[in-house]
$ cat run_15.csv   # CSV, C-alpha atoms
chain,number,residue,atom,x,y,z
A,213,PHE,CA,29.7,-17.3,16.0
A,214,PRO,CA,27.2,-15.1,14.2
A,215,ARG,CA,27.1,-17.5,11.2
A,216,LEU,CA,26.9,-20.8,13.1
A,217,HIS,CA,24.1,-23.0,12.0
A,218,SER,CA,24.7,-26.3,13.9
A,219,LEU,CA,26.2,-26.8,17.4
A,220,SER,CA,26.8,-30.1,19.3
A,221,VAL,CA,28.1,-30.1,22.8
A,222,THR,CA,29.1,-33.4,24.5
A,223,ASN,CA,30.1,-33.5,28.2
A,224,TYR,CA,30.7,-29.8,28.2
A,225,PRO,CA,34.5,-30.0,27.9
A,226,PRO,CA,36.7,-27.4,29.7
A,227,ASP,CA,37.5,-25.6,26.5
A,228,ALA,CA,33.7,-25.0,26.0
A,229,ALA,CA,34.0,-22.1,28.4
A,230,MET,CA,34.4,-19.9,25.3
A,231,SER,CA,30.7,-20.5,24.7
A,232,LEU,CA,29.9,-18.3,27.7
A,233,VAL,CA,31.0,-15.2,25.8
A,234,ALA,CA,30.1,-16.4,22.3
A,235,GLU,CA,27.7,-14.6,20.0
A,236,TYR,CA,25.1,-16.9,18.5
A,237,PRO,CA,22.9,-16.2,15.5
A,238,VAL,CA,19.2,-15.6,15.8
A,239,HIS,CA,18.4,-18.7,13.9
A,240,MET,CA,20.1,-22.2,14.1
A,241,LYS,CA,19.4,-25.4,12.2
A,242,GLN,CA,20.5,-27.9,14.9
A,243,LEU,CA,21.4,-27.7,18.6
A,244,THR,CA,22.5,-30.9,20.4
A,245,LEU,CA,23.5,-31.1,24.1
A,246,ARG,CA,24.6,-34.5,25.4
A,247,TYR,CA,25.5,-36.1,28.7
A,248,SER,CA,25.9,-33.0,31.0
A,249,PHE,CA,24.5,-29.6,31.8
A,250,VAL,CA,25.5,-26.5,29.9
A,251,PRO,CA,25.1,-23.4,32.1
A,252,PRO,CA,21.6,-22.1,31.3
A,253,SER,CA,23.0,-18.5,31.0
A,254,VAL,CA,24.8,-19.6,27.8
A,255,PHE,CA,21.4,-19.7,26.0
A,256,ILE,CA,19.3,-17.4,28.2
A,257,LYS,CA,21.6,-14.5,27.4
A,258,SER,CA,22.0,-15.5,23.7
A,259,ARG,CA,20.3,-14.1,20.6
A,260,ILE,CA,18.9,-17.5,19.6
A,261,ARG,CA,15.2,-17.2,18.9
A,262,THR,CA,14.5,-20.1,16.4
A,263,ILE,CA,15.9,-23.6,16.1
A,264,GLU,CA,15.0,-26.1,13.5
A,265,SER,CA,15.9,-29.2,15.6
A,266,LEU,CA,16.8,-29.4,19.3
A,267,ASP,CA,18.0,-32.5,21.1
A,268,ILE,CA,19.0,-32.7,24.8
A,269,THR,CA,20.3,-35.9,26.4
A,270,LEU,CA,21.0,-36.2,30.1
A,271,TYR,CA,22.3,-39.5,31.4
A,272,TYR,CA,22.7,-38.3,35.0
A,273,ALA,CA,20.7,-35.5,36.5
A,274,GLN,CA,22.1,-34.5,39.9
A,275,LEU,CA,19.8,-33.2,42.6
A,276,GLU,CA,22.0,-30.2,43.3
A,277,ARG,CA,21.8,-29.2,39.7
A,278,SER,CA,18.0,-29.4,39.5
A,279,ASP,CA,17.6,-25.6,39.4
A,280,GLU,CA,19.9,-25.5,36.3
A,281,PHE,CA,17.9,-28.3,34.7
A,282,TYR,CA,14.7,-26.4,34.9
A,283,ALA,CA,16.2,-23.1,33.9
A,284,LEU,CA,17.9,-24.7,30.8
A,285,THR,CA,14.9,-26.8,29.7
A,286,ASN,CA,12.3,-24.2,30.3
A,287,HIS,CA,14.2,-21.7,28.2
A,288,LEU,CA,14.9,-24.1,25.3
A,289,PHE,CA,11.6,-26.0,25.3
A,290,GLY,CA,9.5,-23.0,26.5
A,291,ARG,CA,8.2,-19.9,24.8
A,292,ALA,CA,11.6,-18.0,24.5
A,293,VAL,CA,12.7,-20.2,21.6
A,294,ASP,CA,10.6,-21.2,18.6
A,295,VAL,CA,11.5,-24.8,17.7
A,296,LYS,CA,10.3,-25.3,14.1
A,297,ARG,CA,10.5,-29.1,13.7
A,298,GLN,CA,11.5,-31.5,16.5
A,299,SER,CA,12.6,-30.9,20.1
A,300,ALA,CA,13.6,-34.0,22.1
A,301,LEU,CA,14.5,-34.7,25.7
A,302,LEU,CA,16.1,-37.9,27.0
A,303,MET,CA,16.6,-38.4,30.7
A,304,SER,CA,18.3,-41.6,31.6
A,305,TYR,CA,18.8,-41.3,35.3
A,306,SER,CA,17.8,-38.6,37.7
A,307,GLU,CA,18.2,-38.1,41.4
A,308,PHE,CA,15.0,-36.0,41.5
A,309,GLN,CA,11.4,-36.6,40.4
A,310,LEU,CA,10.1,-34.2,37.8
A,311,ASP,CA,8.3,-31.2,39.5
A,312,LEU,CA,5.5,-30.4,37.1
A,313,GLY,CA,5.1,-27.1,38.9
A,314,ARG,CA,8.5,-26.1,37.6
A,315,THR,CA,8.3,-27.3,34.0
A,316,LEU,CA,7.3,-25.2,31.1
A,317,TRP,CA,7.8,-27.2,27.9
A,318,PRO,CA,5.2,-26.2,25.3
A,319,ASN,CA,7.6,-26.8,22.4
A,320,LEU,CA,8.7,-30.3,23.4
A,321,THR,CA,7.7,-32.9,20.8
A,322,VAL,CA,9.6,-36.1,22.0
A,323,VAL,CA,10.3,-37.1,25.6
A,324,ARG,CA,12.1,-40.3,26.8
A,325,LEU,CA,12.2,-40.9,30.5
A,326,MET,CA,14.3,-43.9,31.2
A,327,SER,CA,13.4,-44.2,34.9
A,328,GLN,CA,10.3,-44.7,37.0
A,329,VAL,CA,7.4,-42.3,36.2
A,330,ASP,CA,4.2,-42.1,38.2
A,331,TYR,CA,1.0,-42.4,36.2
A,332,ALA,CA,-0.3,-39.0,37.4
A,333,THR,CA,3.0,-37.4,36.1
A,334,MET,CA,2.6,-39.1,32.7
A,335,GLU,CA,-0.9,-37.9,32.5
A,336,GLN,CA,-0.1,-34.3,33.4
A,337,LEU,CA,2.9,-34.2,30.9
A,338,VAL,CA,0.6,-35.3,28.1
A,339,ARG,CA,-2.0,-32.7,29.0
A,340,SER,CA,0.5,-29.8,29.5
A,341,MET,CA,2.6,-30.2,26.4
A,342,PRO,CA,0.5,-29.3,23.3
A,343,ARG,CA,3.1,-30.3,20.8
A,344,LEU,CA,4.1,-33.6,22.4
A,345,GLU,CA,4.0,-36.3,19.7
A,346,LYS,CA,6.0,-39.2,21.2
A,347,MET,CA,6.7,-40.4,24.8
A,348,VAL,CA,8.8,-43.3,26.0
A,349,ILE,CA,8.7,-44.4,29.7
A,350,TYR,CA,10.9,-47.0,31.2
A,351,GLU,CA,8.7,-48.0,34.1
A,352,LEU,CA,5.2,-46.7,34.9
A,353,VAL,CA,4.2,-46.8,38.5
A,354,PHE,CA,0.8,-46.2,40.1
A,355,SER,CA,1.1,-44.6,43.5
A,356,GLN,CA,-2.2,-42.7,43.5
A,357,ARG,CA,-5.5,-42.6,41.7
A,358,PRO,CA,-5.9,-39.7,39.2
A,359,VAL,CA,-8.8,-37.3,39.2
A,360,VAL,CA,-10.8,-37.8,36.0
A,361,ALA,CA,-13.2,-35.4,34.3
A,362,ALA,CA,-16.6,-36.9,33.3
A,363,SER,CA,-18.4,-36.2,30.1
A,364,ALA,CA,-19.9,-37.8,27.1
A,365,PRO,CA,-17.5,-38.6,24.1
A,366,GLY,CA,-16.7,-35.5,22.2
A,367,GLY,CA,-18.0,-33.3,25.0
A,368,GLY,CA,-15.2,-30.8,24.8
A,369,ASN,CA,-11.7,-30.4,26.3
A,370,SER,CA,-10.5,-30.5,29.9
A,371,GLY,CA,-12.1,-27.2,30.8
A,372,GLY,CA,-15.6,-28.7,31.6
A,373,GLY,CA,-17.3,-31.7,33.1
A,374,GLN,CA,-17.7,-33.0,36.6
A,375,LEU,CA,-14.6,-34.1,38.5
A,376,LEU,CA,-14.7,-37.6,40.0
A,377,ALA,CA,-13.1,-37.9,43.4
A,378,ASP,CA,-12.2,-41.5,42.7
A,379,ALA,CA,-11.0,-42.5,39.3
A,380,PHE,CA,-11.1,-46.3,40.0
A,381,VAL,CA,-14.0,-48.2,38.5
A,382,SER,CA,-13.6,-51.9,38.1
A,383,ASP,CA,-16.4,-52.4,35.5
A,384,ASP,CA,-15.5,-51.7,31.9
A,385,GLN,CA,-19.0,-50.6,31.0
A,386,ARG,CA,-18.9,-47.9,33.7
A,387,ILE,CA,-15.4,-46.7,32.7
A,388,THR,CA,-16.8,-45.8,29.3
A,389,GLY,CA,-19.2,-43.2,30.7
A,390,CYS,CA,-16.4,-41.1,32.3
A,391,ALA,CA,-14.3,-39.9,29.4
A,392,LEU,CA,-13.7,-36.2,28.5
A,393,MET,CA,-11.6,-35.6,25.4
A,394,TRP,CA,-8.3,-34.0,26.0
A,395,GLU,CA,-6.7,-31.6,23.5
A,396,THR,CA,-3.4,-33.4,22.8
A,397,ALA,CA,-1.0,-34.1,20.0
A,398,ILE,CA,0.6,-37.3,21.3
A,399,GLY,CA,0.4,-40.1,18.7
A,400,TYR,CA,2.9,-42.6,20.1
A,401,LEU,CA,3.3,-43.9,23.6
A,402,ASP,CA,5.8,-46.6,24.6
A,403,ILE,CA,5.7,-48.0,28.1
A,404,LEU,CA,8.5,-50.5,28.6
A,405,SER,CA,7.2,-52.0,31.9
A,406,LEU,CA,4.5,-51.6,34.4
A,407,ALA,CA,5.3,-51.6,38.1
A,408,TYR,CA,2.4,-53.2,40.0
A,409,VAL,CA,2.8,-51.3,43.2
A,410,SER,CA,-1.0,-51.0,43.2
A,411,ARG,CA,-3.6,-53.6,42.5
A,412,PRO,CA,-3.6,-54.8,38.9
A,413,ASP,CA,-7.2,-53.8,38.5
A,414,ILE,CA,-6.3,-50.2,39.4
A,415,VAL,CA,-3.5,-50.3,36.8
A,416,ALA,CA,-5.9,-51.6,34.2
A,417,SER,CA,-8.5,-48.9,35.0
A,418,CYS,CA,-6.0,-46.0,34.7
A,419,ILE,CA,-4.7,-47.2,31.3
A,420,LYS,CA,-8.2,-47.8,29.9
A,421,ARG,CA,-9.4,-44.4,31.0
A,422,PHE,CA,-6.3,-42.8,29.4
A,423,LEU,CA,-7.1,-44.4,26.1
A,424,LEU,CA,-10.6,-42.9,26.1
A,425,HIS,CA,-9.3,-39.4,27.0
A,426,VAL,CA,-6.6,-39.2,24.2
A,427,PRO,CA,-8.1,-39.2,20.7
A,428,SER,CA,-4.8,-38.3,19.1
A,429,LEU,CA,-3.1,-41.6,20.2
A,430,ARG,CA,-2.4,-43.9,17.2
A,431,SER,CA,0.1,-46.4,18.7
A,432,LEU,CA,0.5,-47.8,22.2
A,433,HIS,CA,3.2,-50.3,23.0
A,434,ILE,CA,2.9,-51.5,26.6
A,435,ASN,CA,4.5,-54.6,28.0
A,436,GLY,CA,1.7,-56.4,29.7
A,437,CYS,CA,-1.2,-55.1,27.7
A,438,GLU,CA,-2.7,-58.6,27.4
A,439,ALA,CA,-2.5,-59.1,31.1
A,440,ILE,CA,-4.7,-56.1,31.8
A,441,GLY,CA,-7.2,-56.8,29.1
A,442,LEU,CA,-6.6,-53.8,26.9
A,443,ARG,CA,-7.4,-55.5,23.5
A,444,ASP,CA,-10.8,-56.8,24.8
A,445,PHE,CA,-11.6,-53.4,26.3
A,446,VAL,CA,-10.8,-51.5,23.1
A,447,ASP,CA,-12.9,-53.9,21.0
A,448,LEU,CA,-15.8,-53.3,23.5
A,449,VAL,CA,-15.8,-49.5,23.4
A,450,LYS,CA,-14.8,-48.8,19.8
A,451,PRO,CA,-18.5,-48.1,18.8
A,452,GLN,CA,-18.7,-45.4,21.4
A,453,TYR,CA,-15.2,-44.0,20.9
A,454,PRO,CA,-14.4,-44.0,17.2
A,455,HIS,CA,-10.8,-42.8,17.6
A,456,LEU,CA,-9.9,-46.2,19.0
A,457,HIS,CA,-10.5,-47.7,15.5
A,458,LYS,CA,-7.2,-46.1,14.5
A,459,LEU,CA,-5.2,-47.3,17.6
A,460,MET,CA,-2.5,-49.9,17.2
A,461,LEU,CA,-1.8,-51.9,20.3
A,462,SER,CA,1.3,-54.0,20.9
A,463,GLY,CA,3.3,-55.5,23.7
$ encode --input "run_15.csv" --output "structure tokens"
Amino acid sequence: FPRLHSLSVTNYPPDAAMSLVAEYPVHMKQLTLRYSFVPPSVFIKSRIRTIESLDITLYYAQLERSDEFYALTNHLFGRAVDVKRQSALLMSYSEFQLDLGRTLWPNLTVVRLMSQVDYATMEQLVRSMPRLEKMVIYELVFSQRPVVAASAPGGGNSGGGQLLADAFVSDDQRITGCALMWETAIGYLDILSLAYVSRPDIVASCIKRFLLHVPSLRSLHINGCEAIGLRDFVDLVKPQYPHLHKLMLSG
């Protein structure tokens, strides 16, 4: 298909085997993969180097196919393919937790994870994907305390500062002295629910610190934001962290 400009594959039907030997163009306008895995070799061996818009939806990611998952997504969301506008990943249900040591997604701009995600994983995703603009998480859990870099506001990116062994600080005034700005692009974060597997004050501390670290964030929807005192906290620290003046809170 040397002149193909748009391709949509749903459930990878049996007659799609022809794609294994197909010739693809160097540039495509739209590539959409829905509901099941396409063998990674289809695209790894192809001539495709640029895509205008890329959309991958996985409703059921099986553990035995995790190697294929990382091979496919790392190729399409990684450095081998230049995505010009939007690249989106939706994972509805997965038998395995994301292994951030195996993900390489610098071109991903939108991610929707419709399952439980640990706070530490969310934080690392935001910090490791420089083009990520929007993230949706079904349920955020707090199984461990993150390590936080300390610095004054505007003190640089994550490359400097003193690491704190314990990120949990219960006093809002003390939290404000531990924020090092991260270089991120994320503007919209939607957390549909919070799993209080840890103490609510630890949950509140993690979310508050996150807000201070991410100057690019413009909209945060989080069910339960009133319960953990986010609005009062933002009002308290706005003078010290000017980027919070532009933050819209809802939930």
$ atom_distance --input "run_15.csv" --atom1 "CA of Asp267 (chain A)" --atom2 "CA of Tyr282 (chain A)"
15.4 Å
$ atom_distance --input "run_15.csv" --atom1 "CA of Arg343 (chain A)" --atom2 "CA of Thr285 (chain A)"
15.2 Å
$ residues_around --input "run_15.csv" --residues "Gly436 (chain A)" --least-positions-apart "6" --cutoff "8 Å" --atoms "only C-alpha atoms" --output "JSON, numbers by chain"
{"A": [405, 406, 463]}
$ closest_residue --input "run_15.csv" --among "A:Val449, A:Cys418, A:Leu401, A:Leu243" --to "Ile434 (chain A)" --atoms "only C-alpha atoms"
A:Leu401
$ residues_around --input "run_15.csv" --residues "Val338 (chain A)" --least-positions-apart "3" --cutoff "10 Å" --atoms "all atoms listed in the file" --output "PyMOL selection string"
chain A and resi 333-335+341-347+394-398+426
$ write_last_selection --input "run_15.csv" --atoms "C-alpha atoms" --output "PDB file, in the coordinates of the input"
ATOM      1  CA  THR A 333       3.000 -37.400  36.100  1.00  0.00           C
ATOM      2  CA  MET A 334       2.600 -39.100  32.700  1.00  0.00           C
ATOM      3  CA  GLU A 335      -0.900 -37.900  32.500  1.00  0.00           C
ATOM      4  CA  MET A 341       2.600 -30.200  26.400  1.00  0.00           C
ATOM      5  CA  PRO A 342       0.500 -29.300  23.300  1.00  0.00           C
ATOM      6  CA  ARG A 343       3.100 -30.300  20.800  1.00  0.00           C
ATOM      7  CA  LEU A 344       4.100 -33.600  22.400  1.00  0.00           C
ATOM      8  CA  GLU A 345       4.000 -36.300  19.700  1.00  0.00           C
ATOM      9  CA  LYS A 346       6.000 -39.200  21.200  1.00  0.00           C
ATOM     10  CA  MET A 347       6.700 -40.400  24.800  1.00  0.00           C
ATOM     11  CA  TRP A 394      -8.300 -34.000  26.000  1.00  0.00           C
ATOM     12  CA  GLU A 395      -6.700 -31.600  23.500  1.00  0.00           C
ATOM     13  CA  THR A 396      -3.400 -33.400  22.800  1.00  0.00           C
ATOM     14  CA  ALA A 397      -1.000 -34.100  20.000  1.00  0.00           C
ATOM     15  CA  ILE A 398       0.600 -37.300  21.300  1.00  0.00           C
ATOM     16  CA  VAL A 426      -6.600 -39.200  24.200  1.00  0.00           C
TER      17      VAL A 426
END
$ atom_distance --input "run_15.csv" --atom1 "CA of Val250 (chain A)" --atom2 "CA of Arg339 (chain A)"
28.2 Å
$ closest_residue --input "run_15.csv" --among "A:Phe422, A:Tyr247, A:Phe445, A:Tyr400" --to "Val348 (chain A)" --atoms "only C-alpha atoms"
A:Tyr400
$ residues_near_point --input "run_15.csv" --point "(7.4, -48.0, 38.7)" --cutoff "12 Å" --atoms "only C-alpha atoms" --output "PDB file with C-alpha atoms, keeping the file's coordinate frame"
ATOM      1  CA  LEU A 325      12.200 -40.900  30.500  1.00  0.00           C
ATOM      2  CA  MET A 326      14.300 -43.900  31.200  1.00  0.00           C
ATOM      3  CA  SER A 327      13.400 -44.200  34.900  1.00  0.00           C
ATOM      4  CA  GLN A 328      10.300 -44.700  37.000  1.00  0.00           C
ATOM      5  CA  VAL A 329       7.400 -42.300  36.200  1.00  0.00           C
ATOM      6  CA  ASP A 330       4.200 -42.100  38.200  1.00  0.00           C
ATOM      7  CA  TYR A 331       1.000 -42.400  36.200  1.00  0.00           C
ATOM      8  CA  ALA A 332      -0.300 -39.000  37.400  1.00  0.00           C
ATOM      9  CA  THR A 333       3.000 -37.400  36.100  1.00  0.00           C
ATOM     10  CA  MET A 334       2.600 -39.100  32.700  1.00  0.00           C
ATOM     11  CA  ILE A 349       8.700 -44.400  29.700  1.00  0.00           C
ATOM     12  CA  TYR A 350      10.900 -47.000  31.200  1.00  0.00           C
ATOM     13  CA  GLU A 351       8.700 -48.000  34.100  1.00  0.00           C
ATOM     14  CA  LEU A 352       5.200 -46.700  34.900  1.00  0.00           C
ATOM     15  CA  VAL A 353       4.200 -46.800  38.500  1.00  0.00           C
ATOM     16  CA  PHE A 354       0.800 -46.200  40.100  1.00  0.00           C
ATOM     17  CA  SER A 355       1.100 -44.600  43.500  1.00  0.00           C
ATOM     18  CA  GLN A 356      -2.200 -42.700  43.500  1.00  0.00           C
ATOM     19  CA  ILE A 403       5.700 -48.000  28.100  1.00  0.00           C
ATOM     20  CA  LEU A 404       8.500 -50.500  28.600  1.00  0.00           C
ATOM     21  CA  SER A 405       7.200 -52.000  31.900  1.00  0.00           C
ATOM     22  CA  LEU A 406       4.500 -51.600  34.400  1.00  0.00           C
ATOM     23  CA  ALA A 407       5.300 -51.600  38.100  1.00  0.00           C
ATOM     24  CA  TYR A 408       2.400 -53.200  40.000  1.00  0.00           C
ATOM     25  CA  VAL A 409       2.800 -51.300  43.200  1.00  0.00           C
ATOM     26  CA  SER A 410      -1.000 -51.000  43.200  1.00  0.00           C
ATOM     27  CA  VAL A 415      -3.500 -50.300  36.800  1.00  0.00           C
TER      28      VAL A 415
END
$ closest_residue --input "run_15.csv" --among "A:Thr315, A:Thr222, A:Ser428, A:Ser462" --to "Asn286 (chain A)" --atoms "only C-alpha atoms"
A:Thr315
